[in-house]
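S.K.: Attaching a single structure in structure tokens format; questions to follow.
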Amino acid sequence: MDAVWMLPVLLVLPLLLWTSSTFVFYFKKCFYVAYMMLLAVIAIPICILKSGGRDIENMRVIRFLVRHVKYFLGLRYQVSGWEHLQTEGPYVIISNHQSSLDVLGMVEILPDRCTMIAKKELIWAGTVGMICWLGGIVFINRKKTSDAKNVMSDAAKTMLTDKIRLWVFPEGTRNQNGGLLPFKKGAFHLAIQAQVPIIPIVFSSYSKFYLRKEKEFKSGTITLKVLPKIETKGLTADDVTTLSDQAFGVMRSAFMEISGQSAQSNGPSTH
């Protein structure tokens with residue numbers, strides 16, 4: 001009897017995927033969330049057995065398990081500027097932030113010993129929150145400026161003692177309106193305090209294939225451009241605004257440049 005009820009569903013599903021862009025949007029979104037949670041279930045015991053608990057080295061496991069998800073969503077990545085990530089020691093990566101799909105771009109090029117700074121609410125996202133914690137992700141409370149500053153200060157010390165890299169979204173929230181939102185200063189305080197370089201990375205606009213308001217989620221190609229590092233040695237807190245403006249300028253120019261590209265690619269052949 002159950003098989004009889006399943007038959008209409010199996011017949012209707014392909015029809016809806018073929019004819020309704022709204023259905024495709026919600027189907028892909030739900031699949032993405034559910035599949036990421038499933039991958040987290042697989043990753044959690046592997047990370048615990050491998051590293052014994054919370055450890056930035058667990059990001060290698062996460063990177064390996066997540067990198068294929070793009071294919072299910074019909075996404076491809078074209079990467080340029082790989083050479084700028086060949087920088088020894090700790091550094092801060094900053095990138096623009098358009099949606100939760102940014103995670104797929106992040107794992108596409110994530111360097112070794114690199115984790116990210118994320119909003120504190122993410123830790124409560126079920127199995128995904130747990131794997132984020134195991135991966136050494138630094139959580140900040142965006143509603144309490146004093147707490148966020150303390151976390152950033154501790155992160156700067158950890159960068160130097162443990163030789164880690166941190167990925168930050170300086171816009172502070174998702175932005176799909178075209179261009180970049182004004183940058184918050186936390187990432188720049190962090191880099192200056194640790195006296196480590198900043199490496200900007202720009203994601204091209206998702207507007208050709210992903211439109212949240214219009215409920216469209218088609219196949220598409222995302223261009224990732226890694227820009228030359230920006231040194232912070234010798235800079236002080238007085239230079240934060242100038243540094244932020246410099247980074248914003250080069251990233252905005254790169255965003256406008258690459259958002260018109262449409263070349264197809266399966267992503268980099270090597271990591």
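Chain labels run A, B, ... following the order of the structure tokens; each chain numbers its residues from 1, and ligands are numbered from 1 in the order shown.
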Give me the residues near Arg174 (chain A) as number ranges by chain, where near means some atom within 8 Å (using only C-alpha atoms) and where sequence neighbours in that chain fewer than 4 positions away do not count.
M.R.: A: 97-99
S.K.: Could you write those residues out with C-alpha atoms, as a compact mmCIF listing (two decimals), in the first residue's frame?
M.R.:
# COMPACT_ATOMS: atom_id res chain seq x y z
CA HIS A 97 28.78 37.45 2.00
CA GLN A 98 25.68 36.75 -0.13
CA SER A 99 24.01 33.63 1.28
S.K.: Counting only C-alpha atoms, what is within 8 Å of region 60-75 of chain A, bar same-chain residues fewer than 2 positions away, as a CSV table (one decimal) with C-alpha atoms, in the first residue's frame?
M.R.:
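Saved to out22.csv:
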chain,number,residue,atom,x,y,z
A,28,LYS,CA,17.1,22.9,-3.5
A,32,TYR,CA,20.9,21.8,0.9
A,36,MET,CA,24.5,19.5,5.2
A,39,LEU,CA,27.1,15.3,6.3
A,43,ALA,CA,31.7,14.2,10.2
A,46,ILE,CA,35.2,11.2,12.4
A,47,CYS,CA,36.4,14.4,13.9
A,57,GLU,CA,42.5,20.3,12.0
A,58,ASN,CA,38.9,19.0,11.8
A,77,TYR,CA,33.4,27.5,-9.4
A,104,LEU,CA,30.5,25.9,-0.6
A,107,VAL,CA,35.5,25.0,1.3
A,108,GLU,CA,36.5,25.1,-2.4
A,110,LEU,CA,39.9,26.8,2.3
A,112,ASP,CA,45.0,24.4,5.8
A,135,GLY,CA,36.0,22.6,13.5
A,218,LYS,CA,19.1,27.7,-11.2
A,219,SER,CA,22.4,26.1,-12.1
A,220,GLY,CA,25.3,28.6,-12.4
A,221,THR,CA,29.0,29.4,-12.1
A,222,ILE,CA,30.5,31.4,-9.3
S.K.: For Ile44 (chain A), work out the shell of residues within 12 Å, counting only C-alpha atoms and skipping chain neighbours fewer than 2 positions away, then give it as a PyMOL selection string.
M.R.: chain A and resi 37-42+46-55+58-59+61-62+65+126-135
S.K.: Which polymer residues have any atom within 8 Å of an atom of region 18-26 of chain A, counting only C-alpha atoms, with same-chain residues fewer than 6 positions away left out, as JSON, numbers by chain?
M.R.: {"A": [215, 216, 217, 218]}
S.K.: I need the residues of region 61-260 of chain A that end up classed as strand (DSSP E or B) by DSSP on the backbone, written out as an mmCIF file with N, CA and C atoms, in the first residue's frame.
M.R.:
data_model
loop_
_atom_site.group_PDB
_atom_site.id
_atom_site.type_symbol
_atom_site.label_atom_id
_atom_site.label_comp_id
_atom_site.auth_asym_id
_atom_site.auth_seq_id
_atom_site.Cartn_x
_atom_site.Cartn_y
_atom_site.Cartn_z
ATOM 1 N N LEU A 75 26.041 23.880 -9.234
ATOM 2 C CA LEU A 75 26.970 24.997 -9.131
ATOM 3 C C LEU A 75 28.381 24.588 -9.535
ATOM 4 N N ARG A 76 29.093 25.523 -10.126
ATOM 5 C CA ARG A 76 30.492 25.332 -10.492
ATOM 6 C C ARG A 76 31.290 26.546 -10.048
ATOM 7 N N TYR A 77 32.580 26.358 -9.847
ATOM 8 C CA TYR A 77 33.436 27.455 -9.394
ATOM 9 C C TYR A 77 34.592 27.665 -10.349
ATOM 10 N N GLN A 78 34.883 28.924 -10.609
ATOM 11 C CA GLN A 78 36.034 29.307 -11.400
ATOM 12 C C GLN A 78 36.912 30.159 -10.483
ATOM 13 N N VAL A 79 38.126 29.694 -10.232
ATOM 14 C CA VAL A 79 38.991 30.340 -9.239
ATOM 15 C C VAL A 79 40.202 30.961 -9.916
ATOM 16 N N SER A 80 40.521 32.198 -9.524
ATOM 17 C CA SER A 80 41.747 32.838 -9.983
ATOM 18 C C SER A 80 42.482 33.425 -8.777
ATOM 19 N N VAL A 92 44.502 36.792 7.889
ATOM 20 C CA VAL A 92 43.051 36.956 7.953
ATOM 21 C C VAL A 92 42.515 37.010 6.529
ATOM 22 N N ILE A 93 41.545 36.147 6.222
ATOM 23 C CA ILE A 93 40.846 36.190 4.937
ATOM 24 C C ILE A 93 39.549 36.966 5.136
ATOM 25 N N ILE A 94 39.268 37.894 4.229
ATOM 26 C CA ILE A 94 37.982 38.580 4.258
ATOM 27 C C ILE A 94 37.286 38.352 2.915
ATOM 28 N N SER A 95 35.975 38.165 2.954
ATOM 29 C CA SER A 95 35.229 37.965 1.710
ATOM 30 C C SER A 95 33.838 38.559 1.832
ATOM 31 N N CYS A 114 42.833 26.756 8.683
ATOM 32 C CA CYS A 114 41.988 27.944 8.570
ATOM 33 C C CYS A 114 40.581 27.604 9.028
ATOM 34 N N THR A 115 40.040 28.435 9.887
ATOM 35 C CA THR A 115 38.643 28.316 10.297
ATOM 36 C C THR A 115 38.004 29.680 10.134
ATOM 37 N N MET A 116 36.809 29.862 10.622
ATOM 38 C CA MET A 116 36.103 31.120 10.363
ATOM 39 C C MET A 116 35.535 31.716 11.643
ATOM 40 N N ILE A 117 35.142 32.971 11.539
ATOM 41 C CA ILE A 117 34.424 33.648 12.610
ATOM 42 C C ILE A 117 32.964 33.732 12.192
ATOM 43 N N ALA A 118 32.066 33.306 13.072
ATOM 44 C CA ALA A 118 30.648 33.231 12.723
ATOM 45 C C ALA A 118 29.791 33.722 13.877
ATOM 46 N N LYS A 119 28.546 34.023 13.564
ATOM 47 C CA LYS A 119 27.615 34.486 14.594
ATOM 48 C C LYS A 119 27.338 33.362 15.591
ATOM 49 N N VAL A 138 35.171 30.224 15.480
ATOM 50 C CA VAL A 138 35.097 31.209 16.561
ATOM 51 C C VAL A 138 33.739 31.888 16.511
ATOM 52 N N PHE A 139 32.987 31.787 17.583
ATOM 53 C CA PHE A 139 31.640 32.349 17.625
ATOM 54 C C PHE A 139 31.636 33.690 18.345
ATOM 55 N N ILE A 140 30.948 34.673 17.757
ATOM 56 C CA ILE A 140 30.851 35.980 18.394
ATOM 57 C C ILE A 140 29.391 36.369 18.571
ATOM 58 N N ARG A 165 44.775 30.498 10.575
ATOM 59 C CA ARG A 165 44.210 31.535 9.718
ATOM 60 C C ARG A 165 42.718 31.656 10.038
ATOM 61 N N LEU A 166 42.179 32.848 9.885
ATOM 62 C CA LEU A 166 40.763 33.071 10.169
ATOM 63 C C LEU A 166 40.066 33.714 8.975
ATOM 64 N N TRP A 167 38.887 33.206 8.664
ATOM 65 C CA TRP A 167 38.057 33.721 7.558
ATOM 66 C C TRP A 167 36.937 34.560 8.166
ATOM 67 N N VAL A 168 36.820 35.808 7.708
ATOM 68 C CA VAL A 168 35.827 36.733 8.259
ATOM 69 C C VAL A 168 34.994 37.332 7.126
ATOM 70 N N ILE A 198 46.166 40.645 5.467
ATOM 71 C CA ILE A 198 44.779 40.389 5.082
ATOM 72 C C ILE A 198 44.773 39.918 3.631
ATOM 73 N N ILE A 199 44.050 38.831 3.366
ATOM 74 C CA ILE A 199 43.898 38.350 1.997
ATOM 75 C C ILE A 199 42.425 38.472 1.604
ATOM 76 N N PRO A 200 42.095 39.402 0.713
ATOM 77 C CA PRO A 200 40.691 39.553 0.285
ATOM 78 C C PRO A 200 40.320 38.486 -0.754
ATOM 79 N N ILE A 201 39.124 37.940 -0.617
ATOM 80 C CA ILE A 201 38.579 36.990 -1.589
ATOM 81 C C ILE A 201 37.180 37.461 -1.971
ATOM 82 N N VAL A 202 36.910 37.499 -3.277
ATOM 83 C CA VAL A 202 35.638 38.039 -3.749
ATOM 84 C C VAL A 202 34.844 36.965 -4.483
ATOM 85 N N PHE A 203 33.580 36.810 -4.093
ATOM 86 C CA PHE A 203 32.624 35.935 -4.781
ATOM 87 C C PHE A 203 31.862 36.789 -5.787
ATOM 88 N N TYR A 210 20.654 32.713 -8.523
ATOM 89 C CA TYR A 210 20.017 32.586 -7.209
ATOM 90 C C TYR A 210 19.393 33.921 -6.810
ATOM 91 N N LEU A 211 18.058 33.942 -6.774
ATOM 92 C CA LEU A 211 17.323 35.140 -6.393
ATOM 93 C C LEU A 211 16.330 34.764 -5.300
ATOM 94 N N GLU A 216 14.076 31.916 -7.208
ATOM 95 C CA GLU A 216 14.743 31.245 -8.319
ATOM 96 C C GLU A 216 16.082 30.694 -7.852
ATOM 97 N N PHE A 217 16.358 29.450 -8.238
ATOM 98 C CA PHE A 217 17.619 28.804 -7.885
ATOM 99 C C PHE A 217 17.992 27.879 -9.042
ATOM 100 N N GLY A 220 24.486 27.432 -12.077
ATOM 101 C CA GLY A 220 25.290 28.606 -12.391
ATOM 102 C C GLY A 220 26.739 28.446 -12.003
ATOM 103 N N THR A 221 27.532 29.416 -12.416
ATOM 104 C CA THR A 221 28.959 29.421 -12.127
ATOM 105 C C THR A 221 29.305 30.617 -11.253
ATOM 106 N N ILE A 222 30.090 30.379 -10.222
ATOM 107 C CA ILE A 222 30.547 31.430 -9.322
ATOM 108 C C ILE A 222 32.039 31.630 -9.554
ATOM 109 N N THR A 223 32.426 32.861 -9.769
ATOM 110 C CA THR A 223 33.844 33.180 -9.901
ATOM 111 C C THR A 223 34.378 33.594 -8.542
ATOM 112 N N LEU A 224 35.480 32.992 -8.131
ATOM 113 C CA LEU A 224 36.164 33.362 -6.902
ATOM 114 C C LEU A 224 37.497 33.994 -7.285
ATOM 115 N N LYS A 225 37.726 35.194 -6.814
ATOM 116 C CA LYS A 225 38.988 35.865 -7.118
ATOM 117 C C LYS A 225 39.738 36.154 -5.825
ATOM 118 N N VAL A 226 40.920 35.563 -5.709
ATOM 119 C CA VAL A 226 41.780 35.806 -4.550
ATOM 120 C C VAL A 226 42.684 36.976 -4.897
ATOM 121 N N ILE A 230 47.199 42.254 1.763
ATOM 122 C CA ILE A 230 47.394 43.614 2.258
ATOM 123 C C ILE A 230 48.146 43.514 3.581
#
S.K.: Region 11-99 of chain A near region 177-197 of chain A within 7 Å: what's each residue's closest atom pair and its distance in Å to one decimal, counting only C-alpha atoms, ordered by chain then ascending residue number, as a tab-separated table?
M.R.:
residue	atom	partner	partner_atom	distance
A:Pro90	CA	A:Val196	CA	6.5
A:Tyr91	CA	A:Val196	CA	5.2
A:Val92	CA	A:Ala191	CA	6.2
A:Asn96	CA	A:Leu180	CA	6.8
S.K.: What does the distance between CA of Ile56 (chain A) and CA of Asp162 (chain A) come to in Å, to one decimal place?
M.R.: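 Rounded to one decimal, the two atoms are 9.8 Å apart.
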S.K.: Please indicate the distance in Å from CA of Arg252 (chain A) to CA of Ser204 (chain A), rounded to one decimal place.
M.R.: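 If I compute the distance from CA of Arg252 (chain A) to CA of Ser204 (chain A), I get 10.4 Å.
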S.K.: From a DSSP calculation on the backbone, collect every residue of region 8-241 of chain A in alpha helix (DSSP H) and output the set as JSON, numbers by chain.
M.R.: {"A": [8, 9, 10, 11, 12, 13, 14, 15, 16, 17, 18, 19, 21, 22, 23, 24, 25, 26, 27, 28, 29, 30, 31, 32, 33, 34, 35, 36, 37, 38, 39, 40, 41, 42, 43, 44, 45, 46, 47, 48, 49, 50, 51, 58, 59, 60, 61, 62, 63, 64, 65, 66, 69, 70, 71, 72, 73, 102, 103, 104, 105, 106, 107, 108, 109, 126, 127, 128, 129, 130, 131, 132, 133, 134, 145, 146, 147, 148, 149, 150, 151, 152, 153, 154, 155, 156, 157, 158, 159, 160, 161, 162, 186, 187, 188, 189, 190, 191, 192, 193, 194, 240, 241]}
S.K.: Identify which of the residues A:Val33, A:Met251, A:Ala148, A:Met256 lies closest to Glu171 (chain A), counting only C-alpha atoms when measuring atom-to-atom distances.
M.R.: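 Between A:Val33, A:Met251, A:Ala148, A:Met256, the residue approaching Glu171 (chain A) most closely is A:Met251.
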S.K.: Nearest to Asn175 (chain A) among A:Ser244, A:Thr158, A:Ser205, A:Thr232, with distances taken over only C-alpha atoms: which residue is it?
M.R.: A:Ser205
S.K.: Mind pulling up the distance from CA of Lys120 (chain A) to CA of Arg142 (chain A)?
M.R.: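 It comes out at 7.7 Å.
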